[in-house]
Every structure is written in structure tokens, then in C-alpha cells.
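**Q** Sharing my_file.cif here; it has mmCIF, C-alpha atoms and all ligand atoms.
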data_entry
#
loop_
_atom_site.label_atom_id
_atom_site.label_comp_id
_atom_site.auth_asym_id
_atom_site.auth_seq_id
_atom_site.Cartn_x
_atom_site.Cartn_y
_atom_site.Cartn_z
CA MET A 1 65.50 121.63 21.76
CA LEU A 2 62.94 122.49 19.12
CA LEU A 3 64.45 124.45 16.23
CA SER A 4 63.01 125.66 12.98
CA LEU A 5 65.42 125.09 10.09
CA ASP A 6 65.55 127.08 6.89
CA VAL A 7 66.52 124.41 4.37
CA ALA A 8 65.70 126.49 1.30
CA ASP A 9 68.42 126.02 -1.34
CA ARG A 10 70.47 123.84 1.02
CA GLU A 11 71.73 120.34 0.26
CA VAL A 12 69.92 117.54 2.07
CA VAL A 13 70.68 113.85 1.59
CA VAL A 14 67.99 111.22 1.96
CA ALA A 15 69.10 107.60 2.25
CA GLY A 16 66.27 105.35 1.10
CA GLY A 17 63.64 105.60 -1.63
CA GLY A 18 60.51 104.01 -0.17
CA ALA A 19 57.34 105.48 1.30
CA VAL A 20 58.98 106.91 4.44
CA ALA A 21 61.72 108.56 2.41
CA ALA A 22 59.16 109.89 -0.07
CA ARG A 23 57.22 111.62 2.69
CA ARG A 24 60.34 113.32 3.97
CA VAL A 25 61.36 114.27 0.44
CA ARG A 26 57.98 115.92 -0.14
CA ALA A 27 58.29 117.98 3.04
CA LEU A 28 61.84 119.00 2.15
CA LEU A 29 60.85 120.04 -1.37
CA ASP A 30 57.97 122.00 0.05
CA SER A 31 60.51 123.96 2.09
CA GLY A 32 62.71 124.55 -0.94
CA ALA A 33 65.58 122.16 -0.08
CA ARG A 34 67.91 120.68 -2.71
CA VAL A 35 67.36 116.98 -2.24
CA THR A 36 69.53 114.04 -3.25
CA VAL A 37 68.07 110.58 -2.73
CA ILE A 38 70.54 107.74 -2.49
CA SER A 39 69.05 104.28 -2.84
CA PRO A 40 69.48 101.29 -5.15
CA GLU A 41 65.72 101.16 -5.58
CA ALA A 42 62.88 103.63 -5.20
CA GLY A 43 59.10 103.65 -5.08
CA ASP A 44 56.82 105.38 -7.55
CA ASP A 45 56.83 108.76 -5.86
CA VAL A 46 60.62 109.16 -5.66
CA THR A 47 61.00 107.77 -9.19
CA ARG A 48 58.56 110.33 -10.56
CA LEU A 49 60.08 113.24 -8.65
CA ALA A 50 63.49 112.23 -10.03
CA SER A 51 62.22 111.93 -13.60
CA HIS A 52 60.67 115.41 -13.32
CA GLY A 53 63.99 116.76 -12.13
CA ASP A 54 62.62 117.83 -8.76
CA ILE A 55 65.27 115.77 -6.95
CA ARG A 56 68.51 113.97 -7.76
CA TRP A 57 68.45 110.20 -7.40
CA GLU A 58 71.64 108.17 -7.15
CA ARG A 59 70.88 104.48 -7.68
CA ARG A 60 73.36 102.91 -5.32
CA ARG A 61 73.99 102.18 -1.68
CA VAL A 62 74.76 105.11 0.59
CA ARG A 63 78.44 105.80 1.43
CA PRO A 64 80.09 107.84 4.21
CA GLU A 65 81.27 110.53 1.74
CA ASP A 66 77.63 111.22 0.83
CA LEU A 67 77.37 113.06 4.11
CA ASP A 68 80.24 115.42 3.32
CA GLY A 69 79.17 119.02 3.08
CA VAL A 70 75.41 118.53 3.41
CA TRP A 71 73.31 120.46 5.90
CA LEU A 72 71.02 117.66 6.94
CA ALA A 73 70.70 113.92 6.44
CA ILE A 74 67.64 111.70 6.57
CA ALA A 75 68.24 108.02 7.18
CA ALA A 76 65.08 106.43 5.83
CA THR A 77 66.06 103.10 4.33
CA ASP A 78 64.13 99.98 5.30
CA ASP A 79 67.22 98.58 7.05
CA PRO A 80 67.69 99.85 10.64
CA ASP A 81 71.39 98.89 10.57
CA VAL A 82 72.01 101.03 7.50
CA ASN A 83 70.08 103.90 9.09
CA LEU A 84 72.18 103.60 12.23
CA MET A 85 75.34 103.71 10.14
CA VAL A 86 74.18 106.81 8.29
CA ALA A 87 73.40 108.45 11.63
CA ARG A 88 76.96 107.70 12.83
CA TRP A 89 78.61 108.96 9.65
CA ALA A 90 76.53 112.12 9.95
CA SER A 91 77.46 112.55 13.58
CA ASP A 92 81.21 112.19 12.74
CA ARG A 93 80.79 115.06 10.31
CA ARG A 94 78.62 117.19 12.62
CA VAL A 95 75.68 116.94 10.27
CA TRP A 96 72.25 116.73 11.88
CA CYS A 97 70.56 113.45 11.04
CA VAL A 98 67.02 112.15 11.35
CA ASN A 99 67.07 108.39 11.85
CA SER A 100 63.63 107.24 10.77
CA SER A 101 63.86 103.81 12.33
CA ASP A 102 65.13 104.79 15.76
CA GLY A 103 63.93 107.45 18.16
CA PHE A 104 67.10 107.34 20.27
CA SER A 105 70.17 107.23 18.05
CA THR A 106 68.93 110.25 16.17
CA SER A 107 70.35 113.74 16.49
CA ALA A 108 67.25 115.39 15.03
CA ARG A 109 63.55 114.66 14.91
CA VAL A 110 61.05 115.92 12.40
CA ALA A 111 58.15 117.76 13.97
CA ALA A 112 54.57 117.19 12.89
CA VAL A 113 53.75 120.62 11.51
CA SER A 114 50.66 122.63 10.68
CA ARG A 115 50.86 126.02 9.05
CA HIS A 116 48.64 129.02 9.69
CA GLY A 117 49.62 132.06 7.68
CA ASP A 118 53.07 133.04 8.89
CA LEU A 119 52.87 130.75 11.93
CA ALA A 120 53.91 127.10 12.05
CA VAL A 121 53.02 124.80 14.91
CA GLY A 122 55.40 121.87 15.37
CA VAL A 123 54.98 118.92 17.73
CA VAL A 124 57.67 116.34 18.54
CA SER A 125 57.79 113.49 21.00
CA GLU A 126 60.94 113.47 23.09
CA GLY A 127 60.34 109.87 24.15
CA ALA A 128 59.67 106.83 22.01
CA PRO A 129 58.42 107.81 18.57
CA ASP A 130 54.65 107.64 18.21
CA PRO A 131 53.80 109.48 14.99
CA SER A 132 50.03 109.12 15.11
CA ARG A 133 49.89 110.47 18.68
CA VAL A 134 52.06 113.42 17.75
CA ALA A 135 49.90 114.07 14.67
CA ARG A 136 46.78 114.06 16.84
CA VAL A 137 48.22 116.73 19.12
CA ARG A 138 49.28 118.76 16.08
CA ASP A 139 45.80 118.49 14.58
CA SER A 140 44.10 119.60 17.79
CA LEU A 141 46.38 122.62 18.19
CA GLY A 142 46.04 123.42 14.50
CA ALA A 143 42.25 123.30 14.75
CA LEU A 144 42.27 125.87 17.57
CA LEU A 145 44.24 128.22 15.35
CA ASP A 146 42.10 127.54 12.29
CA GLU A 147 38.91 128.17 14.24
CA GLY A 148 40.23 131.57 15.30
CA GLN A 149 40.26 130.57 18.97
CA VAL A 150 43.77 131.81 19.65
CA ASP A 151 44.60 135.51 19.96
CA LEU A 152 46.99 136.03 17.04
CA ARG A 153 47.40 139.80 17.28
CA ARG A 154 50.90 140.98 16.51
CA VAL A 155 52.92 142.64 19.23
CA ARG A 156 56.28 143.22 17.56
CA GLY A 157 57.09 144.19 14.00
CA ARG A 158 53.58 145.47 13.42
CA ARG A 159 52.90 146.91 10.04
CA GLY A 160 49.56 148.47 9.41
CA ARG A 161 47.45 146.61 6.89
CA VAL A 162 43.86 146.08 5.82
CA VAL A 163 42.30 142.72 5.02
CA LEU A 164 38.87 142.51 3.43
CA VAL A 165 37.37 139.31 4.79
CA GLY A 166 34.19 137.82 3.36
CA SER A 167 32.31 136.32 6.30
CA GLY A 168 29.68 134.38 4.36
CA PRO A 169 25.89 134.75 4.50
CA GLY A 170 25.53 134.91 8.27
CA SER A 171 26.13 131.64 10.08
CA SER A 172 29.46 131.73 11.94
CA ASP A 173 30.65 128.44 10.47
CA LEU A 174 30.43 129.59 6.88
CA ILE A 175 33.47 131.86 7.05
CA THR A 176 36.64 130.40 5.50
CA VAL A 177 39.46 128.99 7.64
CA ARG A 178 41.70 131.81 6.44
CA GLY A 179 39.07 134.40 7.29
CA ALA A 180 38.67 133.06 10.83
CA ARG A 181 42.42 133.09 11.40
CA LEU A 182 42.77 136.65 10.15
CA LEU A 183 39.96 137.73 12.44
CA ALA A 184 42.08 136.40 15.30
CA GLU A 185 44.90 138.67 14.09
CA ALA A 186 42.71 141.78 14.15
CA ASP A 187 43.48 144.85 16.21
CA VAL A 188 40.44 146.54 14.68
CA VAL A 189 37.36 145.02 13.05
CA VAL A 190 35.20 147.19 10.83
CA THR A 191 31.88 145.43 10.39
CA ASP A 192 28.51 145.73 8.67
CA ARG A 193 25.04 144.66 9.65
CA LEU A 194 25.08 141.54 7.44
CA GLY A 195 27.32 138.50 7.47
CA ALA A 196 28.70 136.42 10.29
CA THR A 197 28.50 139.14 12.94
CA GLY A 198 28.13 136.45 15.61
CA LEU A 199 31.89 135.99 15.34
CA LEU A 200 32.40 139.42 16.92
CA ALA A 201 31.21 138.20 20.30
CA ALA A 202 34.24 135.91 20.59
CA LEU A 203 36.82 138.69 20.01
CA PRO A 204 38.98 139.80 22.94
CA GLU A 205 37.56 142.94 24.59
CA THR A 206 40.58 144.97 23.58
CA VAL A 207 39.85 144.53 19.87
CA GLU A 208 38.24 147.72 18.60
CA VAL A 209 34.98 146.91 16.79
CA ILE A 210 33.58 149.65 14.55
CA ASN A 211 30.11 149.09 13.17
CA VAL A 212 29.61 151.00 9.95
CA GLY A 213 26.40 149.21 9.03
CA LYS A 214 24.15 151.76 10.61
CA SER A 215 24.93 154.88 12.57
CA PRO A 216 22.69 155.94 15.51
CA ASP A 217 20.47 157.99 13.19
CA ASN A 218 19.97 154.85 11.12
CA HIS A 219 21.92 155.90 8.06
CA PRO A 220 24.74 153.76 6.85
CA VAL A 221 28.16 155.38 7.18
CA PRO A 222 29.12 156.84 3.76
CA GLN A 223 31.70 154.80 1.85
CA HIS A 224 34.37 157.53 1.92
CA GLU A 225 34.15 157.62 5.71
CA ILE A 226 34.57 153.84 5.87
CA ASN A 227 37.61 154.15 3.62
CA ASP A 228 39.03 156.85 5.91
CA ILE A 229 38.56 154.65 8.98
CA LEU A 230 40.40 151.75 7.31
CA VAL A 231 43.30 153.92 6.20
CA ASP A 232 43.51 155.84 9.47
CA ARG A 233 43.71 152.73 11.67
CA ALA A 234 46.17 150.97 9.37
CA ARG A 235 48.41 154.07 9.43
CA LYS A 236 48.64 153.62 13.18
CA GLY A 237 50.29 150.25 12.51
CA LEU A 238 47.16 148.23 13.26
CA THR A 239 45.84 145.13 11.53
CA VAL A 240 42.41 146.16 10.30
CA ILE A 241 39.94 143.46 9.33
CA ARG A 242 37.10 144.73 7.17
CA LEU A 243 34.50 142.05 7.83
CA LYS A 244 31.95 141.96 5.05
CA GLY A 245 28.82 139.93 4.46
CA GLY A 246 29.09 137.22 1.82
CA ASP A 247 31.97 137.86 -0.55
CA PRO A 248 33.74 141.25 -0.40
CA PHE A 249 33.53 141.74 -4.16
CA VAL A 250 29.88 140.83 -4.77
CA PHE A 251 27.95 144.08 -4.30
CA GLY A 252 30.19 144.70 -1.33
CA ARG A 253 32.01 147.84 -2.49
CA GLY A 254 35.19 145.94 -1.73
CA GLY A 255 36.81 147.35 -4.86
CA GLU A 256 36.47 150.89 -3.57
CA GLU A 257 38.04 149.95 -0.25
CA VAL A 258 40.95 148.28 -2.03
CA HIS A 259 41.48 151.43 -4.11
CA ALA A 260 41.41 153.66 -1.05
CA CYS A 261 44.10 151.53 0.61
CA VAL A 262 46.28 151.37 -2.48
CA GLU A 263 46.07 155.14 -2.88
CA ALA A 264 47.10 155.59 0.73
CA ASP A 265 49.97 153.11 0.28
CA ILE A 266 48.48 150.69 2.81
CA PRO A 267 49.03 146.96 2.18
CA VAL A 268 45.67 145.38 1.48
CA GLU A 269 44.53 141.83 0.76
CA VAL A 270 41.24 140.07 0.17
CA VAL A 271 39.91 136.85 1.62
CA PRO A 272 36.99 135.62 -0.49
CA GLY A 273 33.77 134.65 1.20
CA ILE A 274 30.75 132.53 0.43
CA THR A 275 28.38 134.91 -1.30
CA SER A 276 24.71 134.94 -0.31
CA ALA A 277 23.91 135.10 -4.04
CA LEU A 278 24.87 131.46 -4.43
CA SER A 279 24.70 130.08 -0.90
CA ALA A 280 21.20 131.25 0.05
CA PRO A 281 19.76 129.38 -2.97
CA ALA A 282 22.03 126.37 -2.36
CA LEU A 283 20.85 126.04 1.22
CA ALA A 284 17.25 126.14 0.02
CA GLY A 285 17.94 123.37 -2.49
CA ILE A 286 18.14 125.65 -5.53
CA PRO A 287 21.13 124.97 -7.79
CA PRO A 288 21.81 128.12 -9.85
CA THR A 289 22.78 125.87 -12.77
CA GLN A 290 21.48 122.41 -13.49
CA ARG A 291 22.19 120.24 -16.50
CA GLY A 292 19.38 120.53 -19.02
CA ILE A 293 17.57 123.27 -17.08
CA ALA A 294 19.84 126.30 -16.80
CA ALA A 295 23.37 126.70 -18.10
CA SER A 296 23.90 130.36 -17.19
CA VAL A 297 23.35 132.58 -14.17
CA LEU A 298 23.08 136.33 -13.93
CA ILE A 299 23.59 137.99 -10.56
CA THR A 300 22.24 141.51 -10.33
CA SER A 301 21.11 144.11 -7.84
CA GLY A 302 17.57 145.37 -7.40
CA HIS A 303 18.87 148.91 -7.16
CA ALA A 304 19.81 149.03 -10.82
CA GLY A 305 16.37 147.74 -11.87
CA PRO A 306 15.88 145.33 -14.78
CA GLU A 307 18.51 146.74 -17.14
CA PRO A 308 18.84 145.41 -20.72
CA ALA A 309 21.18 142.50 -19.83
CA VAL A 310 18.77 141.39 -17.12
CA ARG A 311 15.83 141.61 -19.48
CA ALA A 312 17.66 139.47 -22.03
CA ALA A 313 18.42 136.89 -19.35
CA LEU A 314 14.82 136.82 -18.16
CA GLY A 315 13.65 136.28 -21.72
CA HIS A 316 16.12 133.44 -22.39
CA GLY A 317 15.70 131.16 -19.40
CA VAL A 318 18.92 132.26 -17.72
CA THR A 319 18.75 131.94 -13.93
CA VAL A 320 18.46 135.49 -12.58
CA ILE A 321 19.56 136.09 -8.99
CA VAL A 322 18.64 139.46 -7.52
CA LEU A 323 20.28 140.91 -4.41
CA MET A 324 18.78 143.90 -2.62
CA GLY A 325 15.70 143.18 -4.66
CA VAL A 326 12.68 143.10 -2.34
CA ALA A 327 11.43 146.56 -3.30
CA ALA A 328 12.20 145.99 -6.98
CA LEU A 329 10.44 142.62 -7.21
CA PRO A 330 7.38 143.95 -9.12
CA ALA A 331 9.65 145.61 -11.72
CA PHE A 332 11.55 142.37 -12.30
CA VAL A 333 8.40 140.30 -12.63
CA GLU A 334 6.93 142.79 -15.06
CA ALA A 335 10.12 142.77 -17.11
CA ALA A 336 10.11 138.96 -17.23
CA LEU A 337 6.56 138.96 -18.63
CA GLU A 338 7.39 141.70 -21.12
CA GLU A 339 10.35 139.64 -22.35
CA GLY A 340 8.11 136.64 -22.97
CA ALA A 341 8.94 134.52 -19.92
CA ASP A 342 6.36 131.83 -19.10
CA PRO A 343 4.11 133.19 -16.31
CA SER A 344 4.58 129.87 -14.52
CA THR A 345 8.36 130.41 -14.27
CA PRO A 346 9.27 129.66 -10.65
CA VAL A 347 10.47 132.40 -8.30
CA ALA A 348 11.96 131.84 -4.84
CA ILE A 349 12.68 134.42 -2.17
CA LEU A 350 15.27 133.48 0.43
CA GLU A 351 15.17 135.78 3.44
CA SER A 352 17.94 136.02 6.05
CA ALA A 353 19.54 132.76 4.97
CA THR A 354 21.46 130.86 7.68
CA THR A 355 20.14 133.11 10.45
CA ALA A 356 17.41 132.50 13.02
CA ARG A 357 15.02 134.53 10.82
CA GLU A 358 15.57 132.50 7.67
CA ARG A 359 12.48 131.89 5.52
CA VAL A 360 11.90 130.52 2.04
CA THR A 361 8.95 131.68 -0.07
CA HIS A 362 8.04 130.06 -3.37
CA GLY A 363 5.81 131.34 -6.16
CA THR A 364 5.78 131.99 -9.89
CA VAL A 365 6.28 135.05 -12.03
CA SER A 366 2.48 135.49 -12.11
CA ASP A 367 1.79 135.31 -8.35
CA ILE A 368 5.03 136.04 -6.43
CA VAL A 369 4.28 139.74 -5.92
CA ARG A 370 1.00 138.93 -4.22
CA ILE A 371 2.53 136.13 -2.15
CA ALA A 372 5.49 138.29 -1.10
CA GLY A 373 3.03 140.97 0.03
CA GLU A 374 0.97 138.48 2.03
CA MET A 375 4.09 137.04 3.65
CA ALA A 376 5.49 140.52 4.33
CA VAL A 377 8.84 139.54 2.84
CA LYS A 378 11.67 141.71 4.19
CA PRO A 379 15.32 142.33 3.33
CA PRO A 380 17.90 140.90 3.40
CA ALA A 381 16.69 138.52 0.76
CA VAL A 382 17.98 136.80 -2.35
CA ILE A 383 15.47 136.38 -5.17
CA VAL A 384 15.87 133.59 -7.72
CA ILE A 385 13.90 133.74 -10.97
CA GLY A 386 14.11 130.70 -13.22
CA LYS A 387 13.24 127.04 -13.67
CA VAL A 388 15.87 126.00 -11.12
CA ALA A 389 13.71 127.63 -8.41
CA GLU A 390 11.05 124.96 -8.92
CA PRO A 391 10.63 123.36 -5.45
CA GLU A 392 10.20 119.90 -6.97
CA LEU A 393 13.69 120.07 -8.48
CA LEU A 394 15.64 119.55 -5.24
CA ALA A 395 14.18 121.73 -2.52
CA SER A 396 11.43 119.31 -1.56
CA ALA A 397 13.83 116.38 -1.52
CA LEU A 398 16.25 118.27 0.72
CA ALA A 399 13.47 119.49 3.01
CA ALA A 400 12.50 115.85 3.54
CA THR A 401 16.05 115.01 4.67
CA PRO A 402 16.42 115.50 8.42
CA ARG A 403 19.07 118.09 9.36
CA PRO A 404 21.56 117.22 12.08
N1 LIG B 1 28.61 140.89 -0.47
C1 LIG B 1 27.33 140.30 -0.11
C2 LIG B 1 26.17 141.06 -0.70
C3 LIG B 1 26.03 142.45 -0.15
S1 LIG B 1 24.63 143.31 -0.76
C4 LIG B 1 27.32 138.84 -0.55
O1 LIG B 1 28.21 138.40 -1.30
O2 LIG B 1 26.45 138.10 -0.08
C5 LIG B 1 23.45 142.93 0.47
C6 LIG B 1 22.43 141.97 -0.06
O3 LIG B 1 22.92 140.66 0.01
C7 LIG B 1 21.15 141.91 0.71
O4 LIG B 1 20.27 142.95 0.36
C8 LIG B 1 20.60 140.59 0.27
O5 LIG B 1 20.09 140.66 -1.02
C9 LIG B 1 21.85 139.76 0.22
N2 LIG B 1 22.11 139.02 1.46
C10 LIG B 1 23.18 139.11 2.26
N3 LIG B 1 23.09 138.22 3.27
C11 LIG B 1 21.95 137.55 3.09
C12 LIG B 1 21.31 136.49 3.79
N4 LIG B 1 21.83 135.95 4.88
N5 LIG B 1 20.14 136.02 3.31
C13 LIG B 1 19.59 136.56 2.20
N6 LIG B 1 20.15 137.55 1.51
C14 LIG B 1 21.32 138.05 1.95
#
Would you put the structure from the file into C-alpha cells?

**A**
Amino acid sequence: MLLSLDVADREVVVAGGGAVAARRVRALLDSGARVTVISPEAGDDVTRLASHGDIRWERRRVRPEDLDGVWLAIAATDDPDVNLMVARWASDRRVWCVNSSDGFSTSARVAAVSRHGDLAVGVVSEGAPDPSRVARVRDSLGALLDEGQVDLRRVRGRRGRVVLVGSGPGSSDLITVRGARLLAEADVVVTDRLGATGLLAALPETVEVINVGKSPDNHPVPQHEINDILVDRARKGLTVIRLKGGDPFVFGRGGEEVHACVEADIPVEVVPGITSALSAPALAGIPPTQRGIAASVLITSGHAGPEPAVRAALGHGVTVIVLMGVAALPAFVEAALEEGADPSTPVAILESATTARERVTHGTVSDIVRIAGEMAVKPPAVIVIGKVAEPELLASALAATPRP
């Protein structure tokens, strides 16, 4: 029978102080158990844990009375006869015991476990112990959960909540493991036009998908209406995933959505994402900072125009990264020149990074407006102004490296 034990604050005795014992001790501590190790000698790990006060270590051989009143015993000495004895003493006292050297005279087995939010997957072998085989099965099952391939929607004990999930710049494999798992828990997904929208195709048909990126008349849904949708669905007890491009808090209006939920008394959490501001340049071989070239980065939006802080950055060789900046490009270039930037300062425009339409355009402060016009550069695009955008820095080297 496979049971899950709550060992938090409960006494557990571990006989043995070597590597096997140390692994068990770590797992027990992780679960909050009160651990006593009994062993004349111990390895580095147990010794350190004892000296930090994380466990108690009794430097002597294990005795039958050690099993009195404990909840669980682990027999993990390097002597199978001692382990067998401990298992018998435990059995006499009706204490469950894991015998690490014997898969048969053991009353309990430790499962190989992987954790996924509030779910734990445990795998045990009921035959001869074969830890690496069991771990392989655990890893394969865990990967399915981490990849969001298992329907994790709640059926019982549902409590409405909203999770803002950053989905990364667009490619489906640039969402975080936590983001993918939460998507598998979604009853409702509220999505935009940008980000890893390809993930939506894999959702079960019964998940409600609401696209607030563009309404039929081509206007984005106003923010207050988006907030109302989130709150309304969560009030019905549903798990609402607000899937956002990049990172929810980088020009994503995530803060407003969090406020709306808090005001409506709806539990809300945030899963960070890989922002296009940093990842679109990275993928094009542009490091926003580089030793000796740029020590600071300023991320701004084209909508605000080149405000004073941006002007200062442009004039001082700070890397300036502009989102939503295609229309404002001429204003930024002009500001750079007015602030004394070298006209040969490199500029790169990264369109639709990680999607099928991705394109990289290079130029300088003096010619990028003309080049962008000729290339008919279109949003979404990230613009990088600064020495780090020089193709010879890394971009050319990376372009020469074959991609898988
Ligand atoms: N929260 C998002 C940004 C939202 S604002 C993030 O962290 O990435 C929308 C702007 O992001 C776009 O106008 C564009 O400037 C940029 N953007 C988003 N995805 C992009 C992509 N795949 N390639 C280039 N720019 C992108």
C-alpha cells in the first residue's frame, strides 16, 4: 500500500551516518521531521547537519530502546545484520521501518518522489529494490507533469484564483516549468496576442480561452474589462490563468490586474516569465551588458518617447532597450544625436523574436531609420541602442554556429 506520511515535527530515528543515511536525513528534514541519527561514525554531511543543530547525532551503536516512541525508523547502517536487527526491534514496537539494505524484511519503502505544486508523484518497486529504475519512472512521470501534458484542473475543493503567468517571448518552450504546470490547472485562460500562444492549442477543449488581445473590431479590450473578466471567473470558483507575453510585470499591466484581484478579495499570484526585452537581444547575440562595453541597461517603452532619463542614458553609453518602439524610432535616434551619442552607435531591431516571422535588422544611429523603412520593420519588435548591438561583438559568431 502506498501511503503519504506527514512526518513534520515527528520523531524519526536513523541508524547509520553514511551516504545512504544522509540522503534519507535530507529528505526527512525537507519534510520537517525531527531527526535523530544514531551511529558511532558519520560522514561529512551528517556531521555538518549535526553541528548546525539541524539534527541530533548520538555517537554510539543503535539499541532496541532507541525505537521506543518514534514514528518511523530508518535502518541505514552499512551492516545488513544491524539493519535487520533494527527492523525487528521496530516491528516489535509497531514502528514502521525502512530497511535500506533489504527489500524484503522491510515494513516500509521510501518512494522516489517528484513534486509539482501541491501534487507529489511517488514511485516504489514492490519487488526487488532497483532505485535507478524507480527513479527513471519517477522522472518520466514528473516530466509529463512539468511539461503541462497532464490535465491538472481541480475538481473538488476549488477556490477561485487568478495566476498571472509570463509565457516568454513566443516560442512554446520558453515558458517556465511552473508556468506550464499552472496552465494545465487552468479552467479559464485569458490570453493576449503576444507570447507563447501556441500553448493554447494543447489545452483540453473544455478550458475556456478568452482572447483579450484584439476584439473583432480590432481594438484591444480595455484594461478594466480584462480585470472584470479575471475577477468574474475567479468568483465562480475557477482557476483563471492570465497568460501574458514575456514577463507579466514588464510593460504588461500585470500590476493593475493584481490590484483588481486584491480589491475583489481574489487570491492572486504571479509566475515570472522571460521578458522579450532581454531575451530577444540574447537570442540575436546581443548581451545587454558586457564587461568593458556597457555596465547599465535601461528598458523603456516607445509610447513614452525619449523622456529625460532615456536621454541621459543615450548620452552616456547606457544600453537602451525600447519596447513598442517601431513608430518612435526616429524620435529616439534624434534624441541620441542631440545628447551627443556617436552617430556610429550600433542599433539593432529584433522583430517577432522566437516566432516564424523573426528577423534581425542592424544599423547605426545615423542610418537605422532609413534601413528600417526599407525593410518595412513591423511590431512586435525590440530595439537595442548601444555598443552591445554591434554585430561583431557576438551576433556574427553565434550566427556562424549551426543551430540544432
Ligand atoms: N510583457 C512583455 C512586453 C509587453 S509590451 C515582455 O516582457 O516581453 C509588448 C512589446 O513587447 C512589443 O511591442 C514588443 O516591443 C515586445 N515584444 C513582445 N514579444 C516580442 C517578440 N517575440 N519579439 C520582439 N518583441 C516582442

**Q** Neighbours of ligand LIG 1 (chain B) at 9 Å or closer, counting all atoms listed in the file: which residues, as number ranges by chain?

**A** A: 166-171, 194-196, 244-254, 273-281, 301-302, 322-326, 349-355, 358-359, 379-383

**Q** What's around Val318 in chain A at 8 Å? Count all atoms listed in the file, leave out sequence neighbours fewer than 2 positions away in its own chain, and write the answer as a VMD selection string.

**A** chain A and resid 294 to 298 313 to 316 320 386

**Q** Go through A:Gly340, A:Gly317, A:Gly285, A:Gly122 one by one, measure the shortest atom-to-atom distance of each to Ala395 in chain A using only C-alpha atoms, and give the residue with the smallest value.

**A**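 With only C-alpha atoms as the atom set, the closest residue is A:Gly285.
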
**Q** Rounded to one decimal in Å, what is the spacing between CA of Val369 in chain A and CA of Lys387 in chain A?

**A**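 Computing it gives 17.4 Å between the two atoms.
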
**Q** CA of Gly127 in chain A to CA of Val113 in chain A: how many Å, to one decimal?

**A**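 For CA of Gly127 in chain A relative to CA of Val113 in chain A, the distance reads 17.9 Å.
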
**Q** Just checking: using only C-alpha atoms, which residue out of A:Ala264, A:Ala87, A:Val95, A:Val121 ends up closest to Val134 in chain A?

**A**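 Looking at the shortest contact to Val134 in chain A, the residue is A:Val121.
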
**Q** Given only C-alpha atoms as the basis, pick out the residue of A:Leu393, A:Ala282, A:Leu144, A:Val189 nearest to Pro204 in chain A.

**A**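 Nearest candidate to Pro204 in chain A out of A:Leu393, A:Ala282, A:Leu144, A:Val189: A:Val189.
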
**Q** From (38.0, 157.9, -1.1), in the file's coordinates, out to 12 Å: which residues are reached, counting all atoms listed in the file? Answer as a list of chain:residue names.

**A** A:Pro222, A:Gln223, A:His224, A:Glu225, A:Ile226, A:Asn227, A:Asp228, A:Ile229, A:Leu230, A:Val231, A:Arg253, A:Gly255, A:Glu256, A:Glu257, A:Val258, A:His259, A:Ala260, A:Cys261, A:Val262, A:Glu263, A:Ala264
